[in-house]
$ cat run-v3.txt   # compact mmCIF, C-alpha atoms and all ligand atoms
# COMPACT_ATOMS: atom_id res chain seq x y z
CA MET N 720 9.30 -2.59 -23.81
CA ARG N 721 11.83 -5.37 -24.19
CA LEU N 722 11.59 -8.51 -22.15
CA ALA N 723 15.36 -8.35 -21.96
CA ALA N 724 15.06 -5.07 -20.01
CA PRO N 725 15.64 -5.40 -16.24
CA ARG N 726 15.55 -9.04 -15.12
CA ASP N 727 14.83 -7.87 -11.63
CA PRO N 728 11.22 -6.72 -11.29
CA ILE N 729 11.96 -4.63 -8.19
CA ALA N 730 14.55 -2.61 -10.14
CA TRP N 731 12.05 -2.34 -12.97
CA PHE N 732 9.34 -1.17 -10.55
CA ARG N 733 11.66 1.46 -9.11
CA ALA N 734 12.43 2.82 -12.59
CA TRP N 735 8.72 3.05 -13.44
CA PHE N 736 7.94 4.59 -10.05
CA ARG N 737 10.60 7.26 -10.59
CA GLU N 738 9.05 8.14 -13.94
CA ALA N 739 5.56 8.16 -12.42
CA SER N 740 6.79 10.45 -9.64
CA ARG N 741 7.92 12.95 -12.29
CA ARG N 742 4.85 12.66 -14.48
CA GLU N 743 1.78 12.02 -12.31
CA THR N 744 0.32 15.23 -11.00
CA ARG N 745 -0.81 13.66 -7.71
CA LEU N 746 -0.10 10.61 -5.56
CA PRO N 747 1.95 8.30 -7.81
CA GLU N 748 2.35 6.23 -4.62
CA ALA N 749 -1.38 5.52 -4.35
CA MET N 750 -2.16 1.84 -4.87
CA SER N 751 -5.17 -0.34 -4.40
CA LEU N 752 -4.82 -3.10 -1.83
CA ALA N 753 -7.07 -6.12 -2.29
CA THR N 754 -7.67 -8.55 0.54
CA ALA N 755 -9.91 -11.58 0.94
CA GLY N 756 -12.88 -11.03 3.21
CA ARG N 757 -14.77 -13.59 5.24
CA GLY N 758 -16.04 -16.25 2.90
CA GLY N 759 -13.30 -15.42 0.42
CA GLY N 760 -15.00 -12.43 -1.20
CA PRO N 761 -12.56 -9.72 -2.32
CA SER N 762 -12.36 -6.30 -0.69
CA THR N 763 -10.28 -3.42 -1.98
CA ARG N 764 -9.23 0.09 -0.93
CA MET N 765 -6.46 2.61 -1.65
CA VAL N 766 -3.34 2.89 0.50
CA LEU N 767 -0.04 4.72 0.04
CA LEU N 768 3.23 3.02 -0.80
CA LYS N 769 5.75 4.17 1.81
CA GLY N 770 8.73 2.04 0.89
CA VAL N 771 9.91 -0.47 -1.66
CA ALA N 772 12.87 -2.80 -1.20
CA GLU N 773 14.01 -6.18 -2.51
CA ARG N 774 11.87 -7.75 0.20
CA GLY N 775 8.67 -6.00 -0.83
CA PHE N 776 6.23 -3.10 -0.81
CA GLU N 777 5.33 -1.30 2.42
CA PHE N 778 2.23 0.54 3.61
CA PHE N 779 0.93 1.69 6.99
CA THR N 780 -2.47 1.48 8.59
CA ASN N 781 -4.48 0.74 11.71
CA ARG N 782 -3.97 -2.88 12.73
CA ARG N 783 -7.52 -3.02 14.10
CA SER N 784 -9.01 -2.00 10.74
CA SER N 785 -11.06 -4.27 8.51
CA LYS N 786 -8.12 -4.73 6.15
CA ALA N 787 -5.87 -5.77 9.04
CA ALA N 788 -8.45 -8.30 10.25
CA GLU N 789 -8.66 -9.72 6.74
CA ILE N 790 -4.87 -9.91 6.44
CA SER N 791 -4.62 -11.72 9.77
CA ARG N 792 -7.05 -14.37 8.50
CA ASN N 793 -5.50 -14.60 5.03
CA GLY N 794 -2.19 -12.93 4.25
CA ARG N 795 -2.58 -13.28 0.49
CA VAL N 796 -3.13 -9.82 -1.01
CA ALA N 797 -2.85 -7.93 -4.29
CA LEU N 798 -1.65 -4.41 -5.04
CA LEU N 799 -2.44 -2.36 -8.12
CA PHE N 800 -0.90 0.82 -9.49
CA HIS N 801 -2.31 2.73 -12.45
CA TRP N 802 -0.25 5.64 -13.77
CA LYS N 803 -2.56 7.33 -16.25
CA SER N 804 -0.01 9.83 -17.58
CA LEU N 805 2.24 6.92 -18.63
CA ASP N 806 -0.55 4.51 -19.64
CA ARG N 807 0.98 1.95 -17.31
CA GLN N 808 -0.30 -0.56 -14.79
CA VAL N 809 1.60 -2.72 -12.31
CA ARG N 810 -0.09 -5.69 -10.64
CA ILE N 811 1.50 -7.31 -7.60
CA GLU N 812 0.38 -10.45 -5.81
CA GLY N 813 1.95 -11.76 -2.66
CA ARG N 814 1.76 -12.14 1.08
CA ALA N 815 1.42 -9.32 3.63
CA VAL N 816 3.61 -9.58 6.72
CA ALA N 817 3.53 -7.16 9.65
CA LEU N 818 6.54 -4.85 9.98
CA GLY N 819 8.47 -4.88 13.24
CA ALA N 820 8.09 -2.20 15.91
CA ALA N 821 11.37 -0.47 15.02
CA GLU N 822 10.34 -0.09 11.36
CA CYS N 823 6.94 1.26 12.40
CA ASP N 824 8.51 3.72 14.84
CA ARG N 825 10.87 4.97 12.14
CA TYR N 826 8.08 5.82 9.75
CA TRP N 827 5.77 7.11 12.52
CA ALA N 828 8.41 9.71 13.46
CA THR N 829 8.29 11.17 9.92
CA ARG N 830 4.52 11.74 9.98
CA PRO N 831 3.10 15.22 10.52
CA ARG N 832 1.91 15.76 14.09
CA GLY N 833 -1.70 16.25 12.93
CA SER N 834 -1.66 12.84 11.21
CA GLN N 835 -0.18 11.24 14.33
CA ILE N 836 -3.00 12.63 16.47
CA GLY N 837 -5.47 11.61 13.76
CA ALA N 838 -4.21 8.03 14.00
CA TRP N 839 -5.01 8.08 17.75
CA ALA N 840 -8.43 9.63 17.09
CA SER N 841 -9.68 7.06 14.58
CA ASP N 842 -10.82 3.55 15.46
CA GLN N 843 -10.52 2.87 11.76
CA SER N 844 -13.36 0.91 10.12
CA ARG N 845 -15.62 1.06 13.23
CA PRO N 846 -18.99 2.88 13.21
CA LEU N 847 -18.98 6.54 14.26
CA SER N 848 -21.97 8.36 15.80
CA SER N 849 -21.18 11.71 14.16
CA ARG N 850 -18.47 13.82 12.54
CA ALA N 851 -18.59 16.09 15.60
CA ALA N 852 -17.73 13.15 17.89
CA LEU N 853 -14.59 12.46 15.87
CA GLU N 854 -13.53 16.11 15.97
CA ARG N 855 -14.16 16.29 19.73
CA LYS N 856 -11.96 13.24 20.19
CA TYR N 857 -9.23 14.79 18.04
CA ARG N 858 -9.28 18.01 20.10
CA ALA N 859 -9.09 16.09 23.36
CA LEU N 860 -6.13 14.08 22.08
CA ALA N 861 -4.41 17.23 20.79
CA ALA N 862 -4.69 18.63 24.33
CA ARG N 863 -3.43 15.35 25.87
CA PHE N 864 -0.41 15.30 23.55
CA ALA N 865 0.20 19.06 23.73
CA GLU N 866 3.83 18.60 24.70
CA GLY N 867 6.60 16.39 23.41
CA PRO N 868 6.48 13.74 20.70
CA VAL N 869 3.26 11.86 20.05
CA PRO N 870 3.86 8.15 20.79
CA ARG N 871 2.88 5.56 18.19
CA PRO N 872 -0.32 3.71 19.13
CA ALA N 873 0.48 0.01 19.53
CA HIS N 874 -2.31 -0.78 17.04
CA TRP N 875 -0.86 1.44 14.30
CA GLY N 876 1.76 -0.08 12.05
CA GLY N 877 2.86 -1.27 8.69
CA TYR N 878 2.86 -4.29 6.45
CA ARG N 879 5.25 -5.46 3.78
CA VAL N 880 3.78 -7.19 0.76
CA VAL N 881 6.31 -9.85 -0.23
CA PRO N 882 5.68 -10.34 -3.95
CA ALA N 883 5.30 -13.69 -5.68
CA ARG N 884 4.02 -12.25 -8.97
CA ILE N 885 4.55 -8.83 -10.55
CA GLU N 886 3.12 -7.83 -13.91
CA PHE N 887 4.11 -4.74 -15.87
CA TRP N 888 1.59 -3.46 -18.41
CA GLN N 889 2.31 -0.77 -20.96
CA GLY N 890 -0.52 0.52 -23.13
CA ARG N 891 0.28 0.45 -26.87
CA LYS N 892 -1.32 1.12 -30.24
CA ASN N 893 -4.25 -1.00 -31.50
CA ARG N 894 -4.59 -2.54 -28.01
CA LEU N 895 -1.45 -4.55 -28.67
CA HIS N 896 -0.27 -3.73 -25.20
CA ASP N 897 2.88 -5.10 -23.63
CA ARG N 898 2.52 -7.35 -20.61
CA ILE N 899 5.53 -8.82 -18.86
CA GLU N 900 4.90 -11.16 -15.98
CA PHE N 901 7.47 -12.08 -13.33
CA ARG N 902 6.94 -15.04 -11.02
CA ARG N 903 9.13 -15.96 -8.10
CA VAL N 904 9.80 -19.67 -7.89
CA ARG N 905 12.14 -20.97 -5.15
CA GLY N 906 13.58 -17.50 -4.62
CA ARG N 907 14.30 -16.77 -8.29
CA TRP N 908 12.36 -14.53 -10.65
CA SER N 909 11.40 -15.79 -14.07
CA ALA N 910 9.76 -13.61 -16.73
CA ARG N 911 7.49 -14.21 -19.68
CA ARG N 912 5.44 -12.12 -22.05
CA LEU N 913 1.66 -12.41 -21.93
CA GLN N 914 -0.89 -11.66 -24.64
CA PRO N 915 -2.62 -8.34 -24.15
C1 LIG N 1001 -5.44 7.98 -2.13
C2 LIG N 1001 -5.77 7.29 -0.82
C3 LIG N 1001 -4.75 6.87 -0.01
C4 LIG N 1001 -5.01 6.20 1.20
N1 LIG N 1001 -3.96 5.76 1.96
C5 LIG N 1001 -4.21 5.06 3.08
C6 LIG N 1001 -3.12 4.49 3.83
O1 LIG N 1001 -1.93 4.60 3.47
N2 LIG N 1001 -3.44 3.80 4.96
C7 LIG N 1001 -4.73 3.63 5.38
O2 LIG N 1001 -4.93 3.00 6.42
N3 LIG N 1001 -5.76 4.12 4.68
C8 LIG N 1001 -5.54 4.83 3.54
N4 LIG N 1001 -6.60 5.33 2.82
C9 LIG N 1001 -7.98 5.05 3.28
C10 LIG N 1001 -8.36 3.62 2.85
O3 LIG N 1001 -8.66 3.58 1.46
C11 LIG N 1001 -9.53 3.04 3.65
O4 LIG N 1001 -10.64 3.90 3.59
C12 LIG N 1001 -9.18 2.79 5.12
O5 LIG N 1001 -7.85 2.35 5.28
C13 LIG N 1001 -10.14 1.79 5.76
O6 LIG N 1001 -10.07 0.57 5.05
P1 LIG N 1001 -10.58 -0.84 5.68
O7 LIG N 1001 -11.88 -0.53 6.39
O8 LIG N 1001 -10.74 -1.73 4.50
O9 LIG N 1001 -9.53 -1.30 6.63
C14 LIG N 1001 -6.35 6.00 1.61
C15 LIG N 1001 -7.39 6.43 0.77
C16 LIG N 1001 -7.11 7.07 -0.42
C17 LIG N 1001 -8.25 7.51 -1.31

$ encode --input "run-v3.txt" --output "structure tokens"
Amino acid sequence: MRLAAPRDPIAWFRAWFREASRRETRLPEAMSLATAGRGGGPSTRMVLLKGVAERGFEFFTNRRSSKAAEISRNGRVALLFHWKSLDRQVRIEGRAVALGAAECDRYWATRPRGSQIGAWASDQSRPLSSRAALERKYRALAARFAEGPVPRPAHWGGYRVVPARIEFWQGRKNRLHDRIEFRRVRGRWSARRLQP
């Protein structure tokens, strides 16, 4: 891995993501999302990458979930990809910003109907009395939305993680792994190699 390779970490990410999409047997788009909880303690969970652009990395969720509450208190987050088949890791740190309604609608329209109804059925991260209660709620909503498109709940939407730091890690022999770190300073990316 040459430091002189792509100077643009987003282009680099896209190239690695394309390779991961060919090689990983399942969910190359799965990434861990770390947020800061109350008191500053970290909290992490998996989400799915649904878009990557120069401006950042997008995922969708329930905006009343625990992660959304944490993001609203502190927008600083971290993402992590691990592609085992390629022995690669990508670490991203940045700030999560809510996507606009039009962007959320666009992605919502591509979701399977069952997932759309599921989004209505789940008050994500809240306590649930039983599995049966959730399934009853889903059936009632499926009947309510029997006809026509399922509207997007106002509390369901996406975030874009605007990166300030991106690190590419490639496993190599004798633990002499490659690590290339990009940092964005005043709108420009600069890169350096880190010790493994
Ligand atoms: C592979 C995988 C992908 C997931 N993708 C998402 C996702 O894109 N959006 C989401 O809200 N939850 C997703 N989840 C569930 C979350 O990990 C988590 O359980 C949920 O969002 C509630 O998190 P919170 O209580 O911290 O808000 C995924 C879980 C797994 C294992």

$ closest_residue --input "run-v3.txt" --among "N:Glu738, N:Glu812, N:Glu777, N:Asp824" --to "ligand LIG 1001 (chain N)" --atoms "all atoms listed in the file"
N:Glu777

$ residues_near_ligand --input "run-v3.txt" --ligand "ligand LIG 1001 (chain N)" --cutoff "7 Å" --atoms "all atoms listed in the file" --output "MDAnalysis selection string"
chainID N and resid 746 749 763:768 778:781 784:787 843:844

$ closest_residue --input "run-v3.txt" --among "N:Val816, N:Ala910, N:Ala840, N:Ile811" --to "Tyr857 of chain N" --atoms "all atoms listed in the file"
N:Ala840

$ closest_atom_pairs --input "run-v3.txt" --of "segment 827-887 of chain N" --to "segment 725-734 of chain N" --cutoff "10 Å" --atoms "all atoms listed in the file" --output "CSV"
residue,atom,partner,partner_atom,distance
N:Pro882,CA,N:Ile729,CA,9.5
N:Arg884,CA,N:Pro728,CA,9.4
N:Ile885,CA,N:Pro728,CA,7.0
N:Glu886,CA,N:Pro728,CA,8.6
N:Phe887,CA,N:Phe732,CA,8.3

$ closest_residue --input "run-v3.txt" --among "N:Ser740, N:Ser762, N:Ser751, N:Gln889" --to "Leu913 of chain N" --atoms "all atoms listed in the file"
N:Gln889

$ atom_distance --input "run-v3.txt" --atom1 "atom CA of Leu752 of chain N" --atom2 "atom CA of Leu853 of chain N"
25.5 Å

$ atom_distance --input "run-v3.txt" --atom1 "atom CA of Thr754 of chain N" --atom2 "atom CA of Arg894 of chain N"
29.3 Å

$ atom_distance --input "run-v3.txt" --atom1 "atom CA of Tyr878 of chain N" --atom2 "atom CA of Ser791 of chain N"
11.1 Å

$ residues_around --input "run-v3.txt" --residues "His801 of chain N" --least-positions-apart "3" --cutoff "9 Å" --atoms "all atoms listed in the file" --output "PDB file with C-alpha atoms, keeping the file's coordinate frame"
ATOM      1  CA  PRO N 747       1.950   8.300  -7.810  1.00  0.00           C
ATOM      2  CA  ALA N 749      -1.380   5.520  -4.350  1.00  0.00           C
ATOM      3  CA  MET N 750      -2.160   1.840  -4.870  1.00  0.00           C
ATOM      4  CA  LEU N 805       2.240   6.920 -18.630  1.00  0.00           C
ATOM      5  CA  ASP N 806      -0.550   4.510 -19.640  1.00  0.00           C
ATOM      6  CA  ARG N 807       0.980   1.950 -17.310  1.00  0.00           C
ATOM      7  CA  GLN N 808      -0.300  -0.560 -14.790  1.00  0.00           C
ATOM      8  CA  VAL N 809       1.600  -2.720 -12.310  1.00  0.00           C
ATOM      9  CA  ARG N 810      -0.090  -5.690 -10.640  1.00  0.00           C
TER      10      ARG N 810
END

$ residues_around --input "run-v3.txt" --residues "Ala861 of chain N" --least-positions-apart "2" --cutoff "12 Å" --atoms "only C-alpha atoms" --output "tab-separated table (two decimals) with C-alpha atoms, in the coordinates of the input"
chain	number	residue	atom	x	y	z
N	832	ARG	CA	1.91	15.76	14.09
N	833	GLY	CA	-1.70	16.25	12.93
N	834	SER	CA	-1.66	12.84	11.21
N	835	GLN	CA	-0.18	11.24	14.33
N	836	ILE	CA	-3.00	12.63	16.47
N	837	GLY	CA	-5.47	11.61	13.76
N	838	ALA	CA	-4.21	8.03	14.00
N	839	TRP	CA	-5.01	8.08	17.75
N	840	ALA	CA	-8.43	9.63	17.09
N	854	GLU	CA	-13.53	16.11	15.97
N	855	ARG	CA	-14.16	16.29	19.73
N	856	LYS	CA	-11.96	13.24	20.19
N	857	TYR	CA	-9.23	14.79	18.04
N	858	ARG	CA	-9.28	18.01	20.10
N	859	ALA	CA	-9.09	16.09	23.36
N	863	ARG	CA	-3.43	15.35	25.87
N	864	PHE	CA	-0.41	15.30	23.55
N	865	ALA	CA	0.20	19.06	23.73
N	866	GLU	CA	3.83	18.60	24.70
N	867	GLY	CA	6.60	16.39	23.41
N	868	PRO	CA	6.48	13.74	20.70
N	869	VAL	CA	3.26	11.86	20.05

$ residues_around --input "run-v3.txt" --residues "Arg902 of chain N" --least-positions-apart "2" --cutoff "6 Å" --atoms "only C-alpha atoms" --output "MDAnalysis selection string"
chainID N and resid 883:884 908:909

$ build_atoms --input "run-v3.txt" --residues "segment 737-751 of chain N" --atoms "N, CA and C atoms" --output "mmCIF file, in the frame of the given file"
data_model
loop_
_atom_site.group_PDB
_atom_site.id
_atom_site.type_symbol
_atom_site.label_atom_id
_atom_site.label_comp_id
_atom_site.auth_asym_id
_atom_site.auth_seq_id
_atom_site.Cartn_x
_atom_site.Cartn_y
_atom_site.Cartn_z
ATOM 1 N N ARG N 737 9.905 5.966 -10.436
ATOM 2 C CA ARG N 737 10.600 7.260 -10.590
ATOM 3 C C ARG N 737 9.964 8.080 -11.706
ATOM 4 N N GLU N 738 9.681 7.416 -12.830
ATOM 5 C CA GLU N 738 9.050 8.140 -13.940
ATOM 6 C C GLU N 738 7.653 8.630 -13.539
ATOM 7 N N ALA N 739 6.909 7.773 -12.843
ATOM 8 C CA ALA N 739 5.560 8.160 -12.420
ATOM 9 C C ALA N 739 5.628 9.349 -11.458
ATOM 10 N N SER N 740 6.656 9.369 -10.612
ATOM 11 C CA SER N 740 6.790 10.450 -9.640
ATOM 12 C C SER N 740 7.042 11.779 -10.354
ATOM 13 N N ARG N 741 7.691 11.711 -11.514
ATOM 14 C CA ARG N 741 7.920 12.950 -12.290
ATOM 15 C C ARG N 741 6.665 13.353 -13.061
ATOM 16 N N ARG N 742 5.909 12.365 -13.533
ATOM 17 C CA ARG N 742 4.850 12.660 -14.480
ATOM 18 C C ARG N 742 3.440 12.783 -13.882
ATOM 19 N N GLU N 743 3.142 11.983 -12.867
ATOM 20 C CA GLU N 743 1.780 12.020 -12.310
ATOM 21 C C GLU N 743 1.618 13.306 -11.522
ATOM 22 N N THR N 744 0.477 13.957 -11.713
ATOM 23 C CA THR N 744 0.320 15.230 -11.000
ATOM 24 C C THR N 744 0.091 14.995 -9.509
ATOM 25 N N ARG N 745 -0.558 13.898 -9.134
ATOM 26 C CA ARG N 745 -0.810 13.660 -7.710
ATOM 27 C C ARG N 745 -0.690 12.187 -7.353
ATOM 28 N N LEU N 746 -0.100 11.928 -6.195
ATOM 29 C CA LEU N 746 -0.100 10.610 -5.560
ATOM 30 C C LEU N 746 0.301 9.428 -6.462
ATOM 31 N N PRO N 747 1.492 9.477 -7.051
ATOM 32 C CA PRO N 747 1.950 8.300 -7.810
ATOM 33 C C PRO N 747 2.076 7.081 -6.892
ATOM 34 N N GLU N 748 2.174 7.329 -5.572
ATOM 35 C CA GLU N 748 2.350 6.230 -4.620
ATOM 36 C C GLU N 748 1.026 5.610 -4.184
ATOM 37 N N ALA N 749 -0.084 6.102 -4.724
ATOM 38 C CA ALA N 749 -1.380 5.520 -4.350
ATOM 39 C C ALA N 749 -1.560 4.172 -5.049
ATOM 40 N N MET N 750 -1.984 3.182 -4.291
ATOM 41 C CA MET N 750 -2.160 1.840 -4.870
ATOM 42 C C MET N 750 -3.396 1.211 -4.249
ATOM 43 N N SER N 751 -4.047 0.361 -5.002
ATOM 44 C CA SER N 751 -5.170 -0.340 -4.400
ATOM 45 C C SER N 751 -4.623 -1.597 -3.726
#
